[in-house]
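Source file upload09.cif; content: mmCIF, C-alpha atoms.
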```cif
data_final
#
loop_
_atom_site.label_atom_id
_atom_site.label_comp_id
_atom_site.auth_asym_id
_atom_site.auth_seq_id
_atom_site.Cartn_x
_atom_site.Cartn_y
_atom_site.Cartn_z
CA MET A 205 79.77 78.28 103.59
CA GLU A 206 79.41 78.44 107.37
CA THR A 207 80.76 81.63 108.95
CA GLY A 208 82.29 79.60 111.77
CA ASP A 209 84.12 77.58 109.18
CA LEU A 210 85.48 80.73 107.52
CA SER A 211 86.74 82.33 110.73
CA ALA A 212 88.38 79.06 111.77
CA ARG A 213 90.17 78.94 108.45
CA LEU A 214 91.28 82.55 108.70
CA ARG A 215 92.58 81.96 112.23
CA SER A 216 94.51 78.92 111.14
CA HIS A 217 96.28 80.91 108.45
CA ASP A 218 99.00 83.42 108.59
CA PRO A 219 97.62 86.99 108.63
CA SER A 220 99.29 87.82 105.33
CA VAL A 221 96.85 85.43 103.62
CA GLY A 222 93.80 87.24 105.00
CA LEU A 223 95.31 90.63 104.15
CA ARG A 224 96.18 89.50 100.63
CA ALA A 225 92.61 88.21 100.24
CA VAL A 226 91.29 91.68 101.16
CA GLY A 227 93.45 93.29 98.46
CA ALA A 228 92.33 90.67 95.93
CA LEU A 229 88.67 91.17 96.91
CA HIS A 230 89.00 94.89 96.40
CA ARG A 231 90.41 94.35 92.90
CA LEU A 232 87.76 91.75 92.15
CA ALA A 233 85.01 94.18 93.20
CA GLU A 234 86.47 96.82 90.87
CA GLN A 235 86.63 94.34 87.99
CA VAL A 236 83.07 93.10 88.53
CA GLU A 237 81.92 96.71 88.75
CA ALA A 238 83.66 97.68 85.48
CA ALA A 239 82.10 94.70 83.65
CA ALA A 240 78.61 95.27 85.09
CA VAL A 241 78.63 99.01 84.39
CA ALA A 242 79.75 98.43 80.78
CA ARG A 243 76.95 95.90 80.31
CA ALA A 244 74.34 98.19 81.86
CA ARG A 245 75.41 101.03 79.54
CA GLU A 246 75.16 98.69 76.53
CA GLN A 247 71.62 97.84 77.62
CA GLY A 248 70.69 101.51 77.84
CA TRP A 249 70.79 102.12 81.59
CA SER A 250 71.26 105.79 82.51
CA TRP A 251 74.20 106.87 84.71
CA GLU A 252 71.57 107.77 87.31
CA GLN A 253 70.15 104.23 87.34
CA ILE A 254 73.62 102.69 87.55
CA GLY A 255 74.57 105.07 90.36
CA ASP A 256 71.41 104.12 92.27
CA ALA A 257 72.17 100.42 91.85
CA LEU A 258 75.71 100.91 93.15
CA GLY A 259 74.65 103.26 95.94
CA VAL A 260 76.73 106.15 94.64
CA SER A 261 75.90 109.39 92.83
CA ARG A 262 75.40 109.62 89.06
CA GLN A 263 78.39 112.00 88.94
CA SER A 264 80.81 109.66 90.67
CA VAL A 265 79.88 106.63 88.57
CA HIS A 266 80.14 108.70 85.40
CA ALA A 267 83.47 110.20 86.44
CA LYS A 268 84.84 106.73 87.06
CA HIS A 269 83.43 104.79 84.12
CA GLY A 270 82.31 107.38 81.54
CA LYS A 271 84.67 107.87 78.63
CA MET B 257 116.27 109.91 94.60
CA PHE B 258 115.44 109.16 90.95
CA GLU B 259 118.25 111.39 89.67
CA HIS B 260 120.63 108.59 90.75
CA PHE B 261 118.86 106.11 88.46
CA ALA B 262 120.38 104.84 85.22
CA ALA B 263 118.00 104.55 82.25
CA GLY B 264 117.39 100.80 82.81
CA ALA B 265 116.41 101.33 86.43
CA ARG B 266 114.07 104.18 85.49
CA THR B 267 112.42 101.89 82.97
CA ALA B 268 112.09 99.18 85.63
CA VAL B 269 110.35 101.61 88.01
CA ALA B 270 108.08 102.89 85.23
CA SER B 271 107.23 99.27 84.38
CA ALA B 272 106.46 98.61 88.06
CA VAL B 273 103.95 101.49 87.93
CA ASP B 274 102.37 99.93 84.82
CA GLU B 275 102.23 96.49 86.47
CA ALA B 276 100.40 97.94 89.48
CA SER B 277 97.82 99.67 87.30
CA LEU B 278 97.41 96.58 85.10
CA ARG B 279 96.48 94.62 88.19
CA GLY B 280 94.28 97.40 89.55
CA ASP B 281 96.44 97.82 92.65
CA ARG B 282 96.23 101.12 94.48
CA ARG B 283 99.85 101.20 95.62
CA ILE B 284 103.15 100.30 94.00
CA GLY B 285 104.67 97.61 96.18
CA THR B 286 107.85 95.55 96.14
CA GLU B 287 106.03 92.81 94.17
CA HIS B 288 105.43 95.36 91.37
CA LEU B 289 109.06 96.47 91.51
CA LEU B 290 110.05 92.82 91.09
CA LEU B 291 107.77 92.54 88.03
CA GLY B 292 109.23 95.85 86.85
CA VAL B 293 112.85 94.65 86.91
CA LEU B 294 111.75 91.49 85.08
CA HIS B 295 111.04 93.70 82.05
CA GLU B 296 114.81 93.76 81.73
CA PRO B 297 116.68 90.69 80.29
CA GLY B 298 119.55 90.82 82.83
CA SER B 299 117.09 90.31 85.69
CA VAL B 300 115.39 87.46 83.82
CA ARG B 301 118.77 85.71 83.57
CA ALA B 302 119.68 86.38 87.21
CA LEU B 303 116.37 85.08 88.59
CA GLY B 304 115.94 82.25 86.11
CA THR B 305 112.29 83.20 85.62
CA ASP B 306 110.43 85.54 83.30
CA LEU B 307 107.76 88.21 83.50
CA THR B 308 104.90 85.96 82.38
CA THR B 309 105.77 83.33 84.99
CA ALA B 310 106.10 85.96 87.73
CA ARG B 311 102.75 87.58 86.85
CA ALA B 312 101.10 84.15 86.91
CA ALA B 313 102.72 83.39 90.30
CA LEU B 314 101.34 86.63 91.76
CA ASP B 315 97.88 85.73 90.44
CA ALA B 316 98.23 82.27 91.97
CA LEU B 317 99.01 83.85 95.38
CA ASP B 318 95.86 85.97 95.07
CA ARG B 319 93.74 83.01 94.00
CA SER B 320 94.84 80.90 96.95
CA ALA B 321 94.23 83.80 99.37
CA LEU B 322 90.71 84.18 97.92
CA ALA B 323 90.17 80.42 98.20
CA VAL B 324 90.81 80.72 101.96
CA VAL B 325 87.81 83.08 102.23
CA GLY B 326 85.76 80.70 100.08
CA ILE B 327 85.92 82.55 96.77
CA ASP B 328 86.76 80.81 93.54
CA VAL B 329 87.57 83.31 90.79
CA ARG B 330 88.46 80.82 88.09
CA GLY B 331 86.38 81.55 85.00
CA VAL B 332 85.10 84.90 86.30
CA GLU B 333 85.10 87.67 83.70
CA ARG B 334 87.72 90.18 84.84
CA PRO B 335 88.01 93.12 82.48
CA PRO B 336 90.70 95.76 83.03
CA VAL B 337 89.72 98.33 85.61
CA PRO B 338 89.60 102.00 84.49
CA ALA B 339 92.86 103.60 85.59
CA SER B 340 92.55 105.82 88.62
CA ARG B 341 93.33 109.45 87.96
CA LYS B 342 94.97 109.78 91.33
CA ARG B 343 98.71 109.33 91.48
CA THR B 344 99.62 105.80 92.55
CA PRO B 345 101.91 106.06 95.57
CA PHE B 346 104.66 103.64 96.58
CA THR B 347 104.15 101.45 99.65
CA SER B 348 106.54 102.05 102.53
CA GLY B 349 108.16 98.70 101.70
CA ALA B 350 108.81 99.85 98.12
CA ARG B 351 110.19 103.21 99.29
CA ALA B 352 112.59 101.31 101.56
CA VAL B 353 113.99 99.45 98.53
CA PHE B 354 115.47 102.62 96.98
CA PRO B 355 118.03 103.47 99.69
CA ARG B 356 119.03 99.79 99.80
CA ALA B 357 119.50 99.84 96.01
CA LEU B 358 121.66 102.95 96.41
CA ALA B 359 123.75 101.10 99.02
CA GLU B 360 124.21 98.23 96.52
CA THR B 361 125.28 100.76 93.89
CA ARG B 362 127.96 102.15 96.23
CA LYS B 363 129.09 98.66 97.18
CA ALA B 364 129.57 97.90 93.46
CA ARG B 365 131.37 101.28 93.06
CA SER B 366 128.92 102.26 90.34
CA ARG B 367 127.82 105.79 89.79
CA ARG B 368 124.19 105.17 89.03
CA ILE B 369 121.51 102.79 90.27
CA ALA B 370 121.17 100.04 87.67
CA PRO B 371 118.38 97.42 87.48
CA GLU B 372 120.65 94.82 89.13
CA HIS B 373 121.04 97.06 92.20
CA LEU B 374 117.26 97.27 92.48
CA LEU B 375 117.10 93.51 92.10
CA LEU B 376 119.74 92.94 94.81
CA ALA B 377 117.74 95.20 97.14
CA LEU B 378 114.54 93.26 96.30
CA LEU B 379 116.31 89.95 96.99
CA ASP B 380 116.83 91.20 100.58
CA CYS B 381 113.08 91.63 101.17
CA GLU B 382 111.81 89.48 104.02
CA ARG B 383 108.28 88.33 104.73
CA PRO B 384 105.71 89.81 105.14
CA ASP B 385 107.01 91.91 102.28
CA PRO B 386 105.04 90.90 99.15
CA ALA B 387 108.24 90.56 97.07
CA ALA B 388 109.43 87.87 99.51
CA ASP B 389 106.15 85.96 99.04
CA LEU B 390 106.50 86.23 95.27
CA LEU B 391 110.15 85.06 95.31
CA ALA B 392 109.10 82.10 97.46
CA GLU B 393 106.15 81.29 95.18
CA LEU B 394 108.54 81.34 92.21
CA GLY B 395 110.92 79.06 94.09
CA ILE B 396 113.86 81.41 93.54
CA ASP B 397 117.15 80.57 95.19
CA ARG B 398 118.19 84.01 96.43
CA ALA B 399 121.83 83.13 97.09
CA ALA B 400 122.20 81.72 93.58
CA ALA B 401 120.51 84.79 92.08
CA ARG B 402 122.86 87.13 93.95
CA GLU B 403 125.82 85.08 92.75
CA ARG B 404 124.66 85.32 89.11
CA ILE B 405 124.27 89.10 89.45
CA ARG B 406 127.79 89.43 90.87
CA GLU B 407 129.26 87.30 88.08
CA THR B 408 127.73 89.44 85.33
CA GLY B 409 128.76 92.60 87.18
CA ARG B 410 132.44 91.80 86.63
#
```
Any chance you could give the structure as structure tokens?
Amino acid sequence: METGDLSARLRSHDPSVGLRAVGALHRLAEQVEAAAVARAREQGWSWEQIGDALGVSRQSVHAKHGK
Amino acid sequence: MFEHFAAGARTAVASAVDEASLRGDRRIGTEHLLLGVLHEPGSVRALGTDLTTARAALDALDRSALAVVGIDVRGVERPPVPASRKRTPFTSGARAVFPRALAETRKARSRRIAPEHLLLALLDCERPDPAADLLAELGIDRAAARERIRETGR
């Protein structure tokens, strides 16, 4: 999609739509992360490798997703 | 504040907390309080809608907001998010509901805040409050809902 197209659409809408989209994107990112981390663990990735892929430390990814 | 709550209203608030964490939201807002009171049959009757419908309506609002930024989430795998260990705070909009519910309780000359007082306070939410968006999405007639609550209160 064209960026110009996106900003035109966001301008034409009420701000609550854009703000709601941000909240929904945040949740979506968390959900995609949870699924991807679970799959990586199943396939034998180390917490270190997952942390590197996400750009966070091994400790923080393990604290969040490790059981 | 919560010492004024009757058991049903406490359950509604606890359910609102669960609804927020189920969705992966970081704050408990008025939309979660609305879902919370819908755990209670009296609110289902007053609003003429149920919990499943209301959850679906909230998802529909999110999907259309995402569609505006060009994202289609239909068919995307969305597993539950690990619960945050931090305490989930209430939004300022949700905190504002409690004194209004207390005012409704006094108006009804009740001693404790019951779920219907929470619901009456939620029915007064105006946009951009998320509960107002959800009520609109559900097509709820607020005046009729208030009337049904008053009738059962007698």
Using the chain letters and numbers from the file, which residues does the PyMOL selection byres ((chain B and resi 258-260) around 8) grab, as a PyMOL selection string? chain B and resi 257+261-262+266+367-369
Just so the selection is clear, what residues does the PyMOL selection byres ((chain B) within 10 of (chain A)) cover here, as an MDAnalysis selection string? chainID B and resid 279:282 315 317:327 329 332:341 383:386 389
Written selection (C-alpha atoms) as a PDB file, in the frame of the given file:
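After the write, part17.pdb holds the following:
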```pdb
ATOM      1  CA  ARG B 279      96.480  94.620  88.190  1.00  0.00           C
ATOM      2  CA  GLY B 280      94.280  97.400  89.550  1.00  0.00           C
ATOM      3  CA  ASP B 281      96.440  97.820  92.650  1.00  0.00           C
ATOM      4  CA  ARG B 282      96.230 101.120  94.480  1.00  0.00           C
ATOM      5  CA  ASP B 315      97.880  85.730  90.440  1.00  0.00           C
ATOM      6  CA  LEU B 317      99.010  83.850  95.380  1.00  0.00           C
ATOM      7  CA  ASP B 318      95.860  85.970  95.070  1.00  0.00           C
ATOM      8  CA  ARG B 319      93.740  83.010  94.000  1.00  0.00           C
ATOM      9  CA  SER B 320      94.840  80.900  96.950  1.00  0.00           C
ATOM     10  CA  ALA B 321      94.230  83.800  99.370  1.00  0.00           C
ATOM     11  CA  LEU B 322      90.710  84.180  97.920  1.00  0.00           C
ATOM     12  CA  ALA B 323      90.170  80.420  98.200  1.00  0.00           C
ATOM     13  CA  VAL B 324      90.810  80.720 101.960  1.00  0.00           C
ATOM     14  CA  VAL B 325      87.810  83.080 102.230  1.00  0.00           C
ATOM     15  CA  GLY B 326      85.760  80.700 100.080  1.00  0.00           C
ATOM     16  CA  ILE B 327      85.920  82.550  96.770  1.00  0.00           C
ATOM     17  CA  VAL B 329      87.570  83.310  90.790  1.00  0.00           C
ATOM     18  CA  VAL B 332      85.100  84.900  86.300  1.00  0.00           C
ATOM     19  CA  GLU B 333      85.100  87.670  83.700  1.00  0.00           C
ATOM     20  CA  ARG B 334      87.720  90.180  84.840  1.00  0.00           C
ATOM     21  CA  PRO B 335      88.010  93.120  82.480  1.00  0.00           C
ATOM     22  CA  PRO B 336      90.700  95.760  83.030  1.00  0.00           C
ATOM     23  CA  VAL B 337      89.720  98.330  85.610  1.00  0.00           C
ATOM     24  CA  PRO B 338      89.600 102.000  84.490  1.00  0.00           C
ATOM     25  CA  ALA B 339      92.860 103.600  85.590  1.00  0.00           C
ATOM     26  CA  SER B 340      92.550 105.820  88.620  1.00  0.00           C
ATOM     27  CA  ARG B 341      93.330 109.450  87.960  1.00  0.00           C
ATOM     28  CA  ARG B 383     108.280  88.330 104.730  1.00  0.00           C
ATOM     29  CA  PRO B 384     105.710  89.810 105.140  1.00  0.00           C
ATOM     30  CA  ASP B 385     107.010  91.910 102.280  1.00  0.00           C
ATOM     31  CA  PRO B 386     105.040  90.900  99.150  1.00  0.00           C
ATOM     32  CA  ASP B 389     106.150  85.960  99.040  1.00  0.00           C
TER      33      ASP B 389
END
```
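Between atom CA of Glu275 of chain B and atom CA of Leu291 of chain B the interatomic distance comes to 7.0 Å.
Nearest to Ala268 of chain B of all the residues B:Leu374, B:Ile284, B:Ala401, B:Leu394 is B:Leu374, counting all atoms listed in the file.
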Selection result for the PyMOL selection byres ((chain A and resi 254) around 12) on this file, as a PDB file with C-alpha atoms, keeping the file's coordinate frame:
```pdb
ATOM      1  CA  GLU A 237      81.920  96.710  88.750  1.00  0.00           C
ATOM      2  CA  ALA A 238      83.660  97.680  85.480  1.00  0.00           C
ATOM      3  CA  ALA A 240      78.610  95.270  85.090  1.00  0.00           C
ATOM      4  CA  VAL A 241      78.630  99.010  84.390  1.00  0.00           C
ATOM      5  CA  ALA A 242      79.750  98.430  80.780  1.00  0.00           C
ATOM      6  CA  ARG A 243      76.950  95.900  80.310  1.00  0.00           C
ATOM      7  CA  ALA A 244      74.340  98.190  81.860  1.00  0.00           C
ATOM      8  CA  ARG A 245      75.410 101.030  79.540  1.00  0.00           C
ATOM      9  CA  GLU A 246      75.160  98.690  76.530  1.00  0.00           C
ATOM     10  CA  GLN A 247      71.620  97.840  77.620  1.00  0.00           C
ATOM     11  CA  GLY A 248      70.690 101.510  77.840  1.00  0.00           C
ATOM     12  CA  TRP A 249      70.790 102.120  81.590  1.00  0.00           C
ATOM     13  CA  SER A 250      71.260 105.790  82.510  1.00  0.00           C
ATOM     14  CA  TRP A 251      74.200 106.870  84.710  1.00  0.00           C
ATOM     15  CA  GLU A 252      71.570 107.770  87.310  1.00  0.00           C
ATOM     16  CA  GLN A 253      70.150 104.230  87.340  1.00  0.00           C
ATOM     17  CA  GLY A 255      74.570 105.070  90.360  1.00  0.00           C
ATOM     18  CA  ASP A 256      71.410 104.120  92.270  1.00  0.00           C
ATOM     19  CA  ALA A 257      72.170 100.420  91.850  1.00  0.00           C
ATOM     20  CA  LEU A 258      75.710 100.910  93.150  1.00  0.00           C
ATOM     21  CA  GLY A 259      74.650 103.260  95.940  1.00  0.00           C
ATOM     22  CA  VAL A 260      76.730 106.150  94.640  1.00  0.00           C
ATOM     23  CA  SER A 261      75.900 109.390  92.830  1.00  0.00           C
ATOM     24  CA  ARG A 262      75.400 109.620  89.060  1.00  0.00           C
ATOM     25  CA  GLN A 263      78.390 112.000  88.940  1.00  0.00           C
ATOM     26  CA  SER A 264      80.810 109.660  90.670  1.00  0.00           C
ATOM     27  CA  VAL A 265      79.880 106.630  88.570  1.00  0.00           C
ATOM     28  CA  HIS A 266      80.140 108.700  85.400  1.00  0.00           C
ATOM     29  CA  LYS A 268      84.840 106.730  87.060  1.00  0.00           C
ATOM     30  CA  HIS A 269      83.430 104.790  84.120  1.00  0.00           C
ATOM     31  CA  GLY A 270      82.310 107.380  81.540  1.00  0.00           C
TER      32      GLY A 270
END
```
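Atom CA of Gly264 of chain B lies 15.9 Å from atom CA of Leu307 of chain B.
The space between atom CA of Glu403 of chain B and atom CA of Ala302 of chain B spans 8.4 Å.
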At a cut-off of 10 Å, using all atoms listed in the file, what residues contact Thr308 of chain B? Leave out same-chain residues fewer than 4 positions from it and give the result as a PyMOL selection string. chain B and resi 291+294-295+312-313
